[in-house]
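S.K.: This one is protein_6.cif, mmCIF, C-alpha atoms and all ligand atoms.
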data_my_file
#
loop_
_atom_site.group_PDB
_atom_site.id
_atom_site.type_symbol
_atom_site.label_atom_id
_atom_site.label_comp_id
_atom_site.auth_asym_id
_atom_site.auth_seq_id
_atom_site.Cartn_x
_atom_site.Cartn_y
_atom_site.Cartn_z
ATOM 1 C CA ALA G 1 0.109 76.577 -33.870
ATOM 2 C CA PRO G 2 1.252 73.804 -31.522
ATOM 3 C CA ARG G 3 4.565 72.199 -32.428
ATOM 4 C CA ARG G 4 4.100 68.627 -33.715
ATOM 5 C CA GLU G 5 7.292 66.778 -34.484
ATOM 6 C CA VAL G 6 8.545 63.197 -34.528
ATOM 7 C CA LEU G 7 12.159 62.099 -34.069
ATOM 8 C CA PHE G 8 13.265 58.617 -35.092
ATOM 9 C CA PHE G 9 16.339 56.877 -33.781
ATOM 10 C CA PRO G 10 18.998 55.455 -34.018
ATOM 11 C CA SER G 11 20.773 58.769 -34.237
ATOM 12 C CA PRO G 12 24.119 59.158 -35.968
ATOM 13 C CA VAL G 13 26.828 60.187 -33.534
ATOM 14 C CA THR G 14 27.292 63.933 -33.889
ATOM 15 C CA CYS G 15 29.193 66.486 -31.840
ATOM 16 C CA THR G 16 26.985 68.130 -29.214
ATOM 17 C CA ALA G 17 29.682 70.235 -27.530
ATOM 18 C CA ALA G 18 28.398 73.578 -28.835
ATOM 19 C CA LEU G 19 24.777 72.757 -27.936
ATOM 20 C CA LEU G 20 25.887 71.827 -24.431
ATOM 21 C CA GLY G 21 27.908 75.019 -24.051
ATOM 22 C CA GLU G 22 31.168 73.160 -23.551
ATOM 23 C CA PRO G 23 34.366 75.229 -23.656
ATOM 24 C CA GLY G 24 36.598 74.886 -26.709
ATOM 25 C CA PRO G 25 37.401 76.459 -30.052
ATOM 26 C CA ALA G 26 34.544 77.629 -32.269
ATOM 27 C CA PRO G 27 34.044 76.089 -34.710
ATOM 28 C CA CYS G 28 34.797 72.832 -32.895
ATOM 29 C CA LEU G 29 37.796 70.901 -34.219
ATOM 30 C CA CYS G 30 36.757 67.405 -33.058
ATOM 31 C CA PRO G 31 36.474 64.641 -35.663
ATOM 32 C CA LEU G 32 32.707 64.070 -35.252
ATOM 33 C CA PRO G 33 30.166 65.458 -37.734
ATOM 34 C CA HIS G 34 28.720 68.792 -36.547
ATOM 35 C CA GLY G 35 25.388 68.743 -38.375
ATOM 36 C CA ASP G 36 21.858 68.026 -37.232
ATOM 37 C CA SER G 37 20.757 64.671 -35.771
ATOM 38 C CA PRO G 38 17.773 63.307 -33.846
ATOM 39 C CA LEU G 39 19.841 63.510 -30.639
ATOM 40 C CA ALA G 40 20.769 67.137 -31.358
ATOM 41 C CA ARG G 41 17.099 67.980 -31.932
ATOM 42 C CA LEU G 42 16.080 66.259 -28.700
ATOM 43 C CA LEU G 43 18.794 68.179 -26.822
ATOM 44 C CA ARG G 44 17.651 71.488 -28.339
ATOM 45 C CA ARG G 45 14.046 70.889 -27.240
ATOM 46 C CA LEU G 46 15.161 70.052 -23.703
ATOM 47 C CA LEU G 47 17.551 72.995 -23.539
ATOM 48 C CA SER G 48 14.711 75.334 -24.496
ATOM 49 C CA ALA G 49 13.391 74.990 -20.915
ATOM 50 C CA ARG G 50 13.371 78.305 -19.064
ATOM 51 C CA ARG G 51 11.441 77.521 -15.864
ATOM 52 C CA SER G 52 10.891 73.780 -15.362
ATOM 53 C CA LEU G 53 11.693 70.369 -16.778
ATOM 54 C CA GLU G 54 9.865 67.367 -15.343
ATOM 55 C CA LEU G 55 11.688 64.120 -16.136
ATOM 56 C CA CYS G 56 10.047 60.721 -15.760
ATOM 57 C CA LEU G 57 12.437 58.087 -17.044
ATOM 58 C CA PHE G 58 12.828 54.355 -16.743
ATOM 59 C CA ALA G 59 16.558 54.516 -17.538
ATOM 60 C CA PHE G 60 18.791 57.573 -17.667
ATOM 61 C CA SER G 61 22.471 57.047 -18.383
ATOM 62 C CA SER G 62 23.257 58.993 -21.586
ATOM 63 C CA PRO G 63 26.195 61.342 -20.844
ATOM 64 C CA GLN G 64 24.919 63.993 -23.291
ATOM 65 C CA LEU G 65 21.413 64.030 -21.837
ATOM 66 C CA GLY G 66 22.951 64.122 -18.356
ATOM 67 C CA ARG G 67 25.048 67.153 -19.307
ATOM 68 C CA ALA G 68 21.932 68.875 -20.665
ATOM 69 C CA VAL G 69 20.213 68.341 -17.313
ATOM 70 C CA GLN G 70 23.214 69.723 -15.418
ATOM 71 C CA LEU G 71 23.347 72.756 -17.732
ATOM 72 C CA LEU G 72 19.647 73.476 -17.154
ATOM 73 C CA HIS G 73 20.165 73.085 -13.398
ATOM 74 C CA ARG G 74 22.972 75.683 -13.501
ATOM 75 C CA ARG G 75 20.624 78.024 -15.387
ATOM 76 C CA GLY G 76 18.131 77.765 -12.512
ATOM 77 C CA VAL G 77 15.544 75.576 -14.242
ATOM 78 C CA ARG G 78 13.449 73.580 -11.729
ATOM 79 C CA LEU G 79 14.217 69.915 -12.391
ATOM 80 C CA PRO G 80 12.218 67.266 -10.570
ATOM 81 C CA VAL G 81 13.370 63.821 -11.715
ATOM 82 C CA LEU G 82 11.560 60.491 -11.416
ATOM 83 C CA ALA G 83 13.748 57.608 -12.546
ATOM 84 C CA ASP G 84 14.068 53.908 -11.867
ATOM 85 C CA CYS G 85 17.739 54.138 -12.716
ATOM 86 C CA SER G 86 19.672 57.408 -13.037
ATOM 87 C CA PRO G 87 22.997 58.989 -12.140
ATOM 88 C CA HIS G 88 23.319 61.257 -9.124
ATOM 89 C CA PHE G 89 23.207 64.964 -10.013
ATOM 90 C CA ALA G 90 24.483 67.374 -7.359
ATOM 91 C CA GLY G 91 21.588 69.541 -6.192
ATOM 92 C CA ILE G 92 18.871 67.736 -8.170
ATOM 93 C CA GLN G 93 16.241 65.680 -6.373
ATOM 94 C CA VAL G 94 15.696 62.271 -7.937
ATOM 95 C CA ARG G 95 12.852 60.095 -6.648
ATOM 96 C CA HIS G 96 12.988 56.378 -7.292
ATOM 97 C CA ASP G 97 10.543 53.587 -7.750
ATOM 98 C CA GLN G 98 9.350 51.841 -4.602
ATOM 99 C CA GLU G 99 6.832 49.588 -6.321
ATOM 100 C CA SER G 100 6.725 46.062 -7.660
ATOM 101 C CA GLY G 101 6.129 46.943 -11.325
ATOM 102 C CA TYR G 102 8.461 49.038 -13.447
ATOM 103 C CA MET G 103 8.103 52.797 -13.814
ATOM 104 C CA HIS G 104 8.488 52.397 -17.575
ATOM 105 C CA HIS G 105 7.634 55.923 -18.760
ATOM 106 C CA LYS G 106 10.134 57.880 -20.867
ATOM 107 C CA PHE G 107 8.854 61.435 -20.881
ATOM 108 C CA ALA G 108 9.892 65.017 -20.203
ATOM 109 C CA ILE G 109 7.760 68.144 -19.894
ATOM 110 C CA VAL G 110 9.326 71.499 -20.792
ATOM 111 C CA ASP G 111 7.933 74.581 -19.031
ATOM 112 C CA LYS G 112 4.659 72.691 -18.417
ATOM 113 C CA LYS G 113 3.725 73.115 -22.066
ATOM 114 C CA MET G 114 5.821 70.812 -24.267
ATOM 115 C CA LEU G 115 5.664 67.040 -23.845
ATOM 116 C CA ILE G 116 8.553 64.897 -25.111
ATOM 117 C CA THR G 117 7.642 61.195 -25.016
ATOM 118 C CA GLY G 118 8.113 57.939 -26.874
ATOM 119 C CA SER G 119 9.872 54.597 -26.777
ATOM 120 C CA LEU G 120 13.380 55.980 -26.182
ATOM 121 C CA ASN G 121 15.146 55.211 -22.932
ATOM 122 C CA TRP G 122 17.796 57.848 -22.218
ATOM 123 C CA THR G 123 20.773 55.559 -22.792
ATOM 124 C CA THR G 124 23.570 55.623 -25.351
ATOM 125 C CA GLN G 125 22.610 52.083 -26.455
ATOM 126 C CA ALA G 126 19.082 53.203 -27.309
ATOM 127 C CA ILE G 127 20.115 56.499 -28.905
ATOM 128 C CA GLN G 128 22.820 55.036 -31.125
ATOM 129 C CA ASN G 129 21.624 51.492 -31.874
ATOM 130 C CA ASN G 130 17.878 51.026 -31.503
ATOM 131 C CA ARG G 131 14.902 51.873 -33.649
ATOM 132 C CA GLU G 132 13.048 54.302 -31.394
ATOM 133 C CA ASN G 133 10.573 57.161 -31.598
ATOM 134 C CA VAL G 134 10.141 60.434 -29.723
ATOM 135 C CA LEU G 135 7.139 62.736 -30.141
ATOM 136 C CA ILE G 136 7.316 66.473 -29.465
ATOM 137 C CA VAL G 137 3.818 67.561 -28.473
ATOM 138 C CA GLU G 138 2.272 70.853 -27.416
ATOM 139 C CA ASP G 139 -1.442 69.958 -27.561
ATOM 140 C CA ALA G 140 -2.939 70.397 -24.081
ATOM 141 C CA GLU G 141 -4.981 67.174 -24.494
ATOM 142 C CA TYR G 142 -1.670 65.303 -24.127
ATOM 143 C CA VAL G 143 0.457 67.634 -21.998
ATOM 144 C CA GLU G 144 -2.039 67.964 -19.146
ATOM 145 C CA PRO G 145 -2.647 64.254 -18.478
ATOM 146 C CA PHE G 146 1.121 63.668 -18.477
ATOM 147 C CA LEU G 147 1.650 66.534 -16.008
ATOM 148 C CA ALA G 148 -1.024 65.010 -13.772
ATOM 149 C CA GLU G 149 0.615 61.580 -14.062
ATOM 150 C CA PHE G 150 3.957 63.148 -13.079
ATOM 151 C CA GLU G 151 2.415 64.797 -10.016
ATOM 152 C CA ARG G 152 0.713 61.527 -8.978
ATOM 153 C CA ILE G 153 3.954 59.543 -9.163
ATOM 154 C CA TRP G 154 5.999 62.342 -7.537
ATOM 155 C CA GLU G 155 3.679 62.288 -4.518
ATOM 156 C CA GLU G 156 3.540 58.518 -4.420
ATOM 157 C CA TYR G 157 7.343 58.236 -4.379
ATOM 158 C CA ASN G 158 7.666 60.812 -1.598
ATOM 159 C CA PRO G 159 10.260 59.260 0.701
ATOM 160 C CA ALA G 160 8.991 61.297 3.697
ATOM 161 C CA ALA X 1 -11.763 67.111 -34.614
ATOM 162 C CA PRO X 2 -8.896 64.618 -34.343
ATOM 163 C CA ARG X 3 -9.139 62.215 -31.433
ATOM 164 C CA ARG X 4 -6.528 62.988 -28.735
ATOM 165 C CA GLU X 5 -6.474 60.601 -25.821
ATOM 166 C CA VAL X 6 -3.954 59.266 -23.317
ATOM 167 C CA LEU X 7 -4.172 55.910 -21.536
ATOM 168 C CA PHE X 8 -2.102 55.243 -18.433
ATOM 169 C CA PHE X 9 -1.225 51.813 -17.138
ATOM 170 C CA PRO X 10 -1.117 49.599 -15.078
ATOM 171 C CA SER X 11 -4.613 48.520 -15.990
ATOM 172 C CA PRO X 12 -6.891 46.715 -13.551
ATOM 173 C CA VAL X 13 -7.720 43.216 -14.758
ATOM 174 C CA THR X 14 -11.169 43.347 -16.350
ATOM 175 C CA CYS X 15 -13.118 40.863 -18.446
ATOM 176 C CA THR X 16 -12.568 41.410 -22.169
ATOM 177 C CA ALA X 17 -14.608 38.435 -23.424
ATOM 178 C CA ALA X 18 -17.465 40.521 -24.840
ATOM 179 C CA LEU X 19 -15.080 42.964 -26.545
ATOM 180 C CA LEU X 20 -13.237 40.047 -28.120
ATOM 181 C CA GLY X 21 -16.490 38.438 -29.303
ATOM 182 C CA GLU X 22 -15.912 35.271 -27.291
ATOM 183 C CA PRO X 23 -18.846 32.832 -27.016
ATOM 184 C CA GLY X 24 -20.673 32.582 -23.704
ATOM 185 C CA PRO X 25 -23.658 33.909 -21.794
ATOM 186 C CA ALA X 26 -24.532 37.600 -22.033
ATOM 187 C CA PRO X 27 -24.084 39.230 -19.624
ATOM 188 C CA CYS X 28 -20.881 37.332 -18.848
ATOM 189 C CA LEU X 29 -20.942 35.396 -15.556
ATOM 190 C CA CYS X 30 -17.160 35.301 -14.936
ATOM 191 C CA PRO X 31 -15.866 36.720 -11.641
ATOM 192 C CA LEU X 32 -13.833 39.595 -13.191
ATOM 193 C CA PRO X 33 -15.089 43.196 -13.205
ATOM 194 C CA HIS X 34 -16.832 44.048 -16.495
ATOM 195 C CA GLY X 35 -16.349 47.820 -16.538
ATOM 196 C CA ASP X 36 -13.965 50.065 -18.452
ATOM 197 C CA SER X 37 -10.163 49.904 -18.122
ATOM 198 C CA PRO X 38 -7.128 51.209 -20.024
ATOM 199 C CA LEU X 39 -6.698 47.746 -21.597
ATOM 200 C CA ALA X 40 -10.376 47.691 -22.668
ATOM 201 C CA ARG X 41 -9.975 51.136 -24.234
ATOM 202 C CA LEU X 42 -6.821 50.067 -26.072
ATOM 203 C CA LEU X 43 -8.615 46.950 -27.358
ATOM 204 C CA ARG X 44 -11.582 49.026 -28.540
ATOM 205 C CA ARG X 45 -9.312 51.369 -30.510
ATOM 206 C CA LEU X 46 -7.529 48.440 -32.159
ATOM 207 C CA LEU X 47 -10.797 46.614 -32.886
ATOM 208 C CA SER X 48 -12.117 49.719 -34.668
ATOM 209 C CA ALA X 49 -9.839 48.831 -37.611
ATOM 210 C CA ARG X 50 -11.815 48.126 -40.799
ATOM 211 C CA ARG X 51 -9.118 47.915 -43.474
ATOM 212 C CA SER X 52 -5.603 47.747 -42.026
ATOM 213 C CA LEU X 53 -3.650 47.564 -38.796
ATOM 214 C CA GLU X 54 0.102 48.031 -38.964
ATOM 215 C CA LEU X 55 1.824 46.667 -35.848
ATOM 216 C CA CYS X 56 5.406 47.539 -34.945
ATOM 217 C CA LEU X 57 6.175 45.998 -31.558
ATOM 218 C CA PHE X 58 9.271 45.194 -29.564
ATOM 219 C CA ALA X 59 7.459 42.529 -27.523
ATOM 220 C CA PHE X 60 4.041 41.009 -28.180
ATOM 221 C CA SER X 61 2.840 38.299 -25.830
ATOM 222 C CA SER X 62 -0.408 39.568 -24.243
ATOM 223 C CA PRO X 63 -3.116 36.917 -24.845
ATOM 224 C CA GLN X 64 -5.890 39.518 -25.054
ATOM 225 C CA LEU X 65 -4.031 41.654 -27.600
ATOM 226 C CA GLY X 66 -3.198 38.484 -29.518
ATOM 227 C CA ARG X 67 -6.890 37.529 -29.620
ATOM 228 C CA ALA X 68 -7.753 41.009 -30.886
ATOM 229 C CA VAL X 69 -5.282 40.572 -33.744
ATOM 230 C CA GLN X 70 -6.736 37.172 -34.629
ATOM 231 C CA LEU X 71 -10.276 38.584 -34.557
ATOM 232 C CA LEU X 72 -9.284 41.414 -36.909
ATOM 233 C CA HIS X 73 -7.573 38.906 -39.207
ATOM 234 C CA ARG X 74 -10.805 36.834 -39.374
ATOM 235 C CA ARG X 75 -12.676 40.030 -40.270
ATOM 236 C CA GLY X 76 -10.354 40.525 -43.251
ATOM 237 C CA VAL X 77 -8.310 43.430 -41.880
ATOM 238 C CA ARG X 78 -4.842 43.625 -43.476
ATOM 239 C CA LEU X 79 -2.346 43.024 -40.670
ATOM 240 C CA PRO X 80 1.351 43.448 -41.390
ATOM 241 C CA VAL X 81 3.310 42.825 -38.170
ATOM 242 C CA LEU X 82 6.856 43.875 -37.331
ATOM 243 C CA ALA X 83 7.984 42.405 -34.012
ATOM 244 C CA ASP X 84 11.222 41.451 -32.333
ATOM 245 C CA CYS X 85 9.349 38.865 -30.312
ATOM 246 C CA SER X 86 5.794 37.730 -31.081
ATOM 247 C CA PRO X 87 3.638 34.609 -31.205
ATOM 248 C CA HIS X 88 2.908 32.901 -34.498
ATOM 249 C CA PHE X 89 -0.501 33.814 -35.927
ATOM 250 C CA ALA X 90 -1.875 31.511 -38.640
ATOM 251 C CA GLY X 91 -2.129 33.468 -41.873
ATOM 252 C CA ILE X 92 -0.468 36.646 -40.599
ATOM 253 C CA GLN X 93 2.939 37.682 -41.874
ATOM 254 C CA VAL X 94 5.334 38.690 -39.092
ATOM 255 C CA ARG X 95 8.712 40.162 -40.024
ATOM 256 C CA HIS X 96 11.484 40.061 -37.451
ATOM 257 C CA ASP X 97 14.489 42.113 -36.612
ATOM 258 C CA GLN X 98 17.690 41.228 -38.439
ATOM 259 C CA GLU X 99 19.753 44.054 -37.006
ATOM 260 C CA SER X 100 22.170 44.557 -34.159
ATOM 261 C CA GLY X 101 20.120 47.140 -32.232
ATOM 262 C CA TYR X 102 16.642 46.550 -30.865
ATOM 263 C CA MET X 103 13.507 47.379 -32.819
ATOM 264 C CA HIS X 104 12.128 49.088 -29.718
ATOM 265 C CA HIS X 105 9.009 50.764 -31.141
ATOM 266 C CA LYS X 106 5.599 49.997 -29.652
ATOM 267 C CA PHE X 107 3.109 51.390 -32.120
ATOM 268 C CA ALA X 108 0.023 50.472 -34.140
ATOM 269 C CA ILE X 109 -1.673 52.348 -36.972
ATOM 270 C CA VAL X 110 -5.416 51.831 -37.498
ATOM 271 C CA ASP X 111 -6.742 52.295 -41.058
ATOM 272 C CA LYS X 112 -3.724 54.523 -41.827
ATOM 273 C CA LYS X 113 -5.258 57.352 -39.801
ATOM 274 C CA MET X 114 -5.017 56.588 -36.072
ATOM 275 C CA LEU X 115 -1.648 56.154 -34.371
ATOM 276 C CA ILE X 116 -1.444 54.258 -31.071
ATOM 277 C CA THR X 117 2.010 54.641 -29.499
ATOM 278 C CA GLY X 118 3.765 54.975 -26.165
ATOM 279 C CA SER X 119 5.954 53.152 -23.661
ATOM 280 C CA LEU X 120 3.766 50.031 -23.393
ATOM 281 C CA ASN X 121 5.121 46.716 -24.587
ATOM 282 C CA TRP X 122 2.266 44.356 -25.437
ATOM 283 C CA THR X 123 2.852 41.991 -22.536
ATOM 284 C CA THR X 124 0.705 41.068 -19.540
ATOM 285 C CA GLN X 125 3.532 42.153 -17.192
ATOM 286 C CA ALA X 126 3.538 45.656 -18.663
ATOM 287 C CA ILE X 127 -0.261 45.966 -18.880
ATOM 288 C CA GLN X 128 -0.960 44.809 -15.335
ATOM 289 C CA ASN X 129 2.113 45.893 -13.354
ATOM 290 C CA ASN X 130 4.011 48.757 -14.943
ATOM 291 C CA ARG X 131 3.515 52.479 -15.095
ATOM 292 C CA GLU X 132 3.108 53.012 -18.833
ATOM 293 C CA ASN X 133 1.544 55.436 -21.285
ATOM 294 C CA VAL X 134 -0.233 55.067 -24.619
ATOM 295 C CA LEU X 135 -1.235 57.990 -26.831
ATOM 296 C CA ILE X 136 -4.126 57.803 -29.294
ATOM 297 C CA VAL X 137 -3.336 60.270 -32.071
ATOM 298 C CA GLU X 138 -5.072 61.270 -35.298
ATOM 299 C CA ASP X 139 -3.039 64.366 -36.246
ATOM 300 C CA ALA X 140 -1.401 63.748 -39.625
ATOM 301 C CA GLU X 141 1.845 65.383 -38.428
ATOM 302 C CA TYR X 142 2.365 62.265 -36.275
ATOM 303 C CA VAL X 143 0.533 59.535 -38.201
ATOM 304 C CA GLU X 144 2.351 60.090 -41.505
ATOM 305 C CA PRO X 145 5.943 59.894 -40.218
ATOM 306 C CA PHE X 146 5.070 56.701 -38.312
ATOM 307 C CA LEU X 147 3.519 55.174 -41.455
ATOM 308 C CA ALA X 148 6.687 56.029 -43.365
ATOM 309 C CA GLU X 149 8.835 54.523 -40.583
ATOM 310 C CA PHE X 150 6.727 51.349 -40.755
ATOM 311 C CA GLU X 151 7.189 51.104 -44.523
ATOM 312 C CA ARG X 152 10.963 51.660 -44.186
ATOM 313 C CA ILE X 153 11.358 48.879 -41.624
ATOM 314 C CA TRP X 154 8.956 46.541 -43.482
ATOM 315 C CA GLU X 155 11.122 46.813 -46.603
ATOM 316 C CA GLU X 156 14.346 46.539 -44.663
ATOM 317 C CA TYR X 157 13.210 43.332 -42.940
ATOM 318 C CA ASN X 158 12.110 41.775 -46.230
ATOM 319 C CA PRO X 159 13.434 38.227 -45.985
ATOM 320 C CA ALA X 160 13.410 37.798 -49.780
HETATM 321 ZN ZN ZN G 201 32.950 68.818 -32.179
HETATM 322 ZN ZN ZN G 202 -16.547 38.117 -17.937
#
Can the structure from this file be put into structure tokens for me?
Ligand SMILES: [Zn+2]
Ligand SMILES: [Zn+2]
M.R.:
Amino acid sequence: APRREVLFFPSPVTCTAALLGEPGPAPCLCPLPHGDSPLARLLRRLLSARRSLELCLFAFSSPQLGRAVQLLHRRGVRLPVLADCSPHFAGIQVRHDQESGYMHHKFAIVDKKMLITGSLNWTTQAIQNNRENVLIVEDAEYVEPFLAEFERIWEEYNPA
Amino acid sequence: APRREVLFFPSPVTCTAALLGEPGPAPCLCPLPHGDSPLARLLRRLLSARRSLELCLFAFSSPQLGRAVQLLHRRGVRLPVLADCSPHFAGIQVRHDQESGYMHHKFAIVDKKMLITGSLNWTTQAIQNNRENVLIVEDAEYVEPFLAEFERIWEEYNPA
């Protein structure tokens, strides 16, 4: 059956070091809670990517989500990124908006079969303070139009 | 089968007078195109409400969407509105944010069985200029958590 899940934010601040494969003692000794959280669930879905992760994001500045992207890149996952505003990641191609309107999407597609989309911009402010939603979707009726939208924008933002 | 549909914006500007039941000649003689558009489809989904329309919106200033809400109110549809920023509608109760973070959702629930959610703020800027997405969803796995989130925020923003 297709996975159908909703995450609501704000997320409590929890330790994500183990999820992100960061070196250190196990179990972690930091003072943060080490349980589940909406952010931890979002990270786990993203980190499940084995082949590709399309990212199409209005704003991308969360350090944890950035570390997840870098970890996936090191694992060899193909990572095309469309973002109006994002950090630089060594070795990852980021294409930017060249239009008048905003590229206001906030979605990711894992292995071309799981769509992650909602109201959440990938910023610490949004994750920790705002009321936000994220849907995890595997139904092809949603995944395929979003893949096509990604390809359209990717071509349109081709700097060549 | 549950309806599963995705709308992408920006939307071309089309005439919505007939959809919104505005008086005038039929067919309409205005210079705008009178065909389909993402905005027209969104309006049609909202205007299908017969009993209730929950609205949970970060920003709500689109005149056409405002007229749809007023039309539904005149038809007797129950219309609780949560919005950080919205116009005043005679006879419609709007509850506002009293928190530090943003209430950044952008969703509507038609007759407690159809969820309409995505990246789109209900503003003319977003509708006409931005790249945005809206999902139309009838699967209970999504509709029910959003209804519960609405009820949580509605109670939390109770001014009494
Ligand atoms: Zn820790
Ligand atoms: Zn017209």
S.K.: How would you write, as a list in words, the residues chosen by the PyMOL selection byres (((not hetatm)) within 12 of (chain G and resi 201)) on this structure?
M.R.: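 Applied to this file, the PyMOL selection byres (((not hetatm)) within 12 of (chain G and resi 201)) selects Val13, Thr14, Cys15, Thr16, Ala17, Ala18, Leu19, Leu20, Gly21, Glu22, Pro23, Gly24, Pro25, Ala26, Pro27, Cys28, Leu29, Cys30, Pro31, Leu32, Pro33, His34 and Gly35 of chain G.
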S.K.: Can you list what the PyMOL selection byres ((chain G and not hetatm) within 6 of (chain X)) grabs from this structure, as a ChimeraX atom specification?
M.R.: /G:101-105,118-119,129-132
S.K.: Do you know which residues the PyMOL selection byres (((chain X and resi 39-55) around 6) and not hetatm) returns on this file, as a VMD selection string?
M.R.: chain X and resid 37 to 38 56 77 to 82 108 to 111
S.K.: Please dump the current selection as a CSV table (one decimal), in the frame of the given file; keep C-alpha atoms.
M.R.:
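Contents of out39.csv, as written:
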chain,number,residue,atom,x,y,z
X,37,SER,CA,-10.2,49.9,-18.1
X,38,PRO,CA,-7.1,51.2,-20.0
X,56,CYS,CA,5.4,47.5,-34.9
X,77,VAL,CA,-8.3,43.4,-41.9
X,78,ARG,CA,-4.8,43.6,-43.5
X,79,LEU,CA,-2.3,43.0,-40.7
X,80,PRO,CA,1.4,43.4,-41.4
X,81,VAL,CA,3.3,42.8,-38.2
X,82,LEU,CA,6.9,43.9,-37.3
X,108,ALA,CA,0.0,50.5,-34.1
X,109,ILE,CA,-1.7,52.3,-37.0
X,110,VAL,CA,-5.4,51.8,-37.5
X,111,ASP,CA,-6.7,52.3,-41.1
S.K.: Take CA of Asp97 in chain X and CA of Cys85 in chain X and report the distance between them in Å, one decimal.
M.R.: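 CA of Cys85 in chain X lies at a distance of 8.8 Å from CA of Asp97 in chain X.
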S.K.: Please report, as AutoDock Vina command-line options, the centre and edge lengths in Å to one decimal of an axis-aligned box covering all listed atoms of range 95-110 of chain X with 8 Å per side.
M.R.:
--center_x 8.4 --center_y 46.2 --center_z -34.8 --size_x 43.6 --size_y 28.3 --size_z 26.4
